[in-house]
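The structure appears below as structure tokens.
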Amino acid sequence: MLRKEKIGAQKFIMFLLKNVSVIFCLLCGLDNRFGWSRIRLAPGLWRLTAVALLLYAGSYLLFIPVCNANRFAASIIQVEAGQTVADHGPYRFLRHPLDSISLLLWLSMPLALGSFVALPAVALTTPILVLRLLNEEKILRHELSGYSEYCQRTPWRLIPFVW
């Protein structure tokens with residue numbers, strides 16, 4: 001359960017993500033306080049919020065099969081002794097299912113909180129997540145035996161049939 005990145009590029013990427021998270025939280029709080037989203041979308045906002053809450057909760061349930069399929073899954077990027085390529089479970093379809101779930105969580109959060117004002121901050125998380133993913137792949141190709149072959153067998157990185 002290490003929390004600190006050891007790789008310089010990953011440290012910077014996580015710095016960016018943490019700062020965007022702070023901006024996101026501030027925007028959600030200010031939106032709640034001043035009611036910016038409620039003023040514009042009051043009648044139907046509760047329906048969208050309910051659907052987003054279900055998506056948010058469902059996204060957390062998706063962590064279970066991912067963690068069952070990859071016992072080396074972690075929040076930091078490193079290759080451990082004895083680590084092998086996870087290529088079963090959700091990893092059959094996507095190379096980075098944890099990042100896909102994170103993207104779902106990020107996209108559902110502002111809607112679950114009823115804040116459309118925070119959507120631009122969420123839009124900033126997507127390229128940061130992509131940077132993190134590309135850097136992770138570079139490290140894994142170099143340090144994890146069999147990862148390059150796995151990439152050839154599993155073409156989708158983040159979103160099935162898209163990228």
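Letters for chains follow the order of the structure tokens (A, B, ...), residue numbers begin at 1 for each chain, and ligand numbers begin at 1 in the order shown.
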Quiz item: Where in chain A does DSSP assign alpha helix (DSSP H), given as JSON, numbers by chain?
Solution: {"A": [8, 9, 10, 11, 12, 13, 14, 15, 16, 17, 18, 19, 20, 21, 22, 23, 24, 25, 26, 27, 28, 29, 30, 31, 32, 33, 34, 36, 37, 38, 39, 40, 41, 45, 46, 47, 48, 49, 50, 51, 52, 53, 54, 55, 56, 57, 58, 59, 60, 61, 62, 63, 64, 65, 66, 67, 68, 69, 97, 98, 99, 100, 101, 102, 103, 104, 105, 106, 107, 108, 109, 110, 111, 112, 119, 120, 121, 122, 123, 124, 125, 126, 127, 128, 129, 130, 131, 132, 133, 134, 135, 136, 137, 138, 139, 140, 141, 142, 143, 147, 148, 149, 150, 151, 152, 153]}
Practice problem: Write out as a PyMOL selection string each polymer residue whose atoms come within 10 Å of range 135-148 of chain A, counting only C-alpha atoms; drop sequence neighbours fewer than 2 positions from it. | Solution: chain A and resi 7+9-10+13+76-87+95-96+129-133+150-154+157
Go ahead and dump the residues you just picked, C-alpha atoms, as a PDB file, in the first residue's frame.
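Output contents, as saved in result_36.pdb:
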```pdb
ATOM      1  CA  ILE A   7       9.565   7.820 -10.668  1.00  0.00           C
ATOM      2  CA  ALA A   9       7.474  11.696 -14.300  1.00  0.00           C
ATOM      3  CA  GLN A  10       4.877   9.920 -12.164  1.00  0.00           C
ATOM      4  CA  ILE A  13       1.665  13.583 -12.989  1.00  0.00           C
ATOM      5  CA  ILE A  76       1.813   3.578  -7.625  1.00  0.00           C
ATOM      6  CA  ILE A  77       3.739   2.328 -10.612  1.00  0.00           C
ATOM      7  CA  GLN A  78       6.457  -0.183  -9.883  1.00  0.00           C
ATOM      8  CA  VAL A  79       7.449  -3.695 -10.897  1.00  0.00           C
ATOM      9  CA  GLU A  80       7.882  -6.062  -7.971  1.00  0.00           C
ATOM     10  CA  ALA A  81       9.953  -9.218  -7.701  1.00  0.00           C
ATOM     11  CA  GLY A  82       8.002 -12.171  -9.049  1.00  0.00           C
ATOM     12  CA  GLN A  83       5.436  -9.974 -10.799  1.00  0.00           C
ATOM     13  CA  THR A  84       3.818 -11.424 -13.887  1.00  0.00           C
ATOM     14  CA  VAL A  85       1.570  -9.918 -16.525  1.00  0.00           C
ATOM     15  CA  ALA A  86      -2.101 -10.030 -15.553  1.00  0.00           C
ATOM     16  CA  ASP A  87      -3.930 -11.147 -18.686  1.00  0.00           C
ATOM     17  CA  ARG A  95      -4.709  -3.140 -20.396  1.00  0.00           C
ATOM     18  CA  HIS A  96      -5.615  -0.620 -17.692  1.00  0.00           C
ATOM     19  CA  LEU A 129      -4.775  10.039 -16.633  1.00  0.00           C
ATOM     20  CA  VAL A 130      -3.680   9.351 -20.221  1.00  0.00           C
ATOM     21  CA  LEU A 131      -0.190  10.743 -19.467  1.00  0.00           C
ATOM     22  CA  ARG A 132       0.035   8.494 -16.428  1.00  0.00           C
ATOM     23  CA  LEU A 133      -1.094   5.476 -18.424  1.00  0.00           C
ATOM     24  CA  TYR A 150       0.464  -8.707 -23.853  1.00  0.00           C
ATOM     25  CA  CYS A 151       0.078  -5.275 -25.487  1.00  0.00           C
ATOM     26  CA  GLN A 152      -0.037  -6.922 -28.898  1.00  0.00           C
ATOM     27  CA  ARG A 153      -2.753  -9.365 -27.734  1.00  0.00           C
ATOM     28  CA  THR A 154      -4.795  -6.686 -25.921  1.00  0.00           C
ATOM     29  CA  ARG A 157      -5.794   0.611 -23.228  1.00  0.00           C
TER      30      ARG A 157
END
```
Quiz item: Could you name the residues that touch range 113-128 of chain A at 8 Å or less, counting only C-alpha atoms, but leaving out those on the same chain fewer than 2 positions away, as a ChimeraX atom specification?
Solution: /A:13,16-17,20-21,23-24,27-28,31-32,36-38,45-46,48-49,103,106-107,109-111,130-132
Residues of the last selection are to be written out with N, CA and C atoms, as an mmCIF file, in the first residue's frame.
```cif
data_model
loop_
_atom_site.group_PDB
_atom_site.id
_atom_site.type_symbol
_atom_site.label_atom_id
_atom_site.label_comp_id
_atom_site.auth_asym_id
_atom_site.auth_seq_id
_atom_site.Cartn_x
_atom_site.Cartn_y
_atom_site.Cartn_z
ATOM 1 N N ILE A 13 3.029 13.895 -12.561
ATOM 2 C CA ILE A 13 1.665 13.583 -12.989
ATOM 3 C C ILE A 13 0.729 13.540 -11.783
ATOM 4 N N LEU A 16 -0.019 17.015 -10.568
ATOM 5 C CA LEU A 16 -1.067 17.636 -11.388
ATOM 6 C C LEU A 16 -2.446 17.111 -10.996
ATOM 7 N N LEU A 17 -2.564 15.809 -10.836
ATOM 8 C CA LEU A 17 -3.854 15.203 -10.502
ATOM 9 C C LEU A 17 -4.357 15.679 -9.137
ATOM 10 N N VAL A 20 -5.642 19.288 -9.538
ATOM 11 C CA VAL A 20 -6.939 19.303 -10.213
ATOM 12 C C VAL A 20 -8.023 18.816 -9.252
ATOM 13 N N SER A 21 -7.690 17.845 -8.399
ATOM 14 C CA SER A 21 -8.651 17.357 -7.400
ATOM 15 C C SER A 21 -9.048 18.459 -6.427
ATOM 16 N N ILE A 23 -9.002 21.706 -7.058
ATOM 17 C CA ILE A 23 -9.849 22.637 -7.822
ATOM 18 C C ILE A 23 -11.254 22.065 -7.963
ATOM 19 N N PHE A 24 -11.338 20.770 -8.262
ATOM 20 C CA PHE A 24 -12.628 20.093 -8.384
ATOM 21 C C PHE A 24 -13.441 20.235 -7.097
ATOM 22 N N LEU A 27 -14.658 23.812 -6.605
ATOM 23 C CA LEU A 27 -15.763 24.137 -7.509
ATOM 24 C C LEU A 27 -17.065 23.480 -7.060
ATOM 25 N N CYS A 28 -16.997 22.204 -6.639
ATOM 26 C CA CYS A 28 -18.206 21.532 -6.152
ATOM 27 C C CYS A 28 -18.752 22.224 -4.913
ATOM 28 N N ASP A 31 -20.195 25.614 -5.890
ATOM 29 C CA ASP A 31 -21.439 25.401 -6.630
ATOM 30 C C ASP A 31 -22.576 25.049 -5.672
ATOM 31 N N ASN A 32 -22.286 24.210 -4.693
ATOM 32 C CA ASN A 32 -23.307 23.865 -3.709
ATOM 33 C C ASN A 32 -23.705 25.081 -2.887
ATOM 34 N N TRP A 36 -25.116 27.432 -8.350
ATOM 35 C CA TRP A 36 -24.987 27.755 -9.771
ATOM 36 C C TRP A 36 -25.661 26.717 -10.659
ATOM 37 N N SER A 37 -25.446 25.436 -10.407
ATOM 38 C CA SER A 37 -26.057 24.385 -11.234
ATOM 39 C C SER A 37 -27.549 24.274 -10.976
ATOM 40 N N ARG A 38 -27.970 24.446 -9.722
ATOM 41 C CA ARG A 38 -29.400 24.338 -9.395
ATOM 42 C C ARG A 38 -30.213 25.444 -10.061
ATOM 43 N N LEU A 45 -32.466 17.983 -12.293
ATOM 44 C CA LEU A 45 -31.151 17.689 -11.740
ATOM 45 C C LEU A 45 -31.145 16.458 -10.835
ATOM 46 N N TRP A 46 -32.190 16.232 -10.080
ATOM 47 C CA TRP A 46 -32.208 15.105 -9.150
ATOM 48 C C TRP A 46 -32.167 13.769 -9.887
ATOM 49 N N LEU A 48 -30.657 13.108 -12.813
ATOM 50 C CA LEU A 48 -29.276 12.929 -13.259
ATOM 51 C C LEU A 48 -28.373 12.590 -12.083
ATOM 52 N N THR A 49 -28.608 13.228 -10.955
ATOM 53 C CA THR A 49 -27.826 12.946 -9.752
ATOM 54 C C THR A 49 -28.034 11.500 -9.306
ATOM 55 N N LEU A 103 -11.592 6.684 -14.391
ATOM 56 C CA LEU A 103 -12.220 7.626 -15.312
ATOM 57 C C LEU A 103 -13.737 7.658 -15.105
ATOM 58 N N TRP A 106 -14.399 9.593 -11.921
ATOM 59 C CA TRP A 106 -14.215 11.034 -12.124
ATOM 60 C C TRP A 106 -15.377 11.644 -12.904
ATOM 61 N N LEU A 107 -15.845 10.939 -13.917
ATOM 62 C CA LEU A 107 -16.933 11.476 -14.737
ATOM 63 C C LEU A 107 -18.268 11.498 -13.990
ATOM 64 N N MET A 109 -18.594 11.745 -10.604
ATOM 65 C CA MET A 109 -18.551 12.544 -9.369
ATOM 66 C C MET A 109 -19.257 13.892 -9.447
ATOM 67 N N PRO A 110 -18.956 14.739 -10.429
ATOM 68 C CA PRO A 110 -19.628 16.039 -10.427
ATOM 69 C C PRO A 110 -21.134 15.918 -10.634
ATOM 70 N N LEU A 111 -21.547 14.940 -11.429
ATOM 71 C CA LEU A 111 -22.979 14.745 -11.650
ATOM 72 C C LEU A 111 -23.651 14.198 -10.393
ATOM 73 N N VAL A 130 -4.303 9.909 -19.014
ATOM 74 C CA VAL A 130 -3.680 9.351 -20.221
ATOM 75 C C VAL A 130 -2.159 9.464 -20.128
ATOM 76 N N LEU A 131 -1.642 10.589 -19.661
ATOM 77 C CA LEU A 131 -0.190 10.743 -19.467
ATOM 78 C C LEU A 131 0.337 9.687 -18.509
ATOM 79 N N ARG A 132 -0.373 9.489 -17.427
ATOM 80 C CA ARG A 132 0.035 8.494 -16.428
ATOM 81 C C ARG A 132 0.054 7.102 -17.050
#
```
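With distances restricted to only C-alpha atoms, A:Ser75 is the closest residue to Met14 in chain A from A:Trp156, A:Leu30, A:Ser75, A:Leu53.
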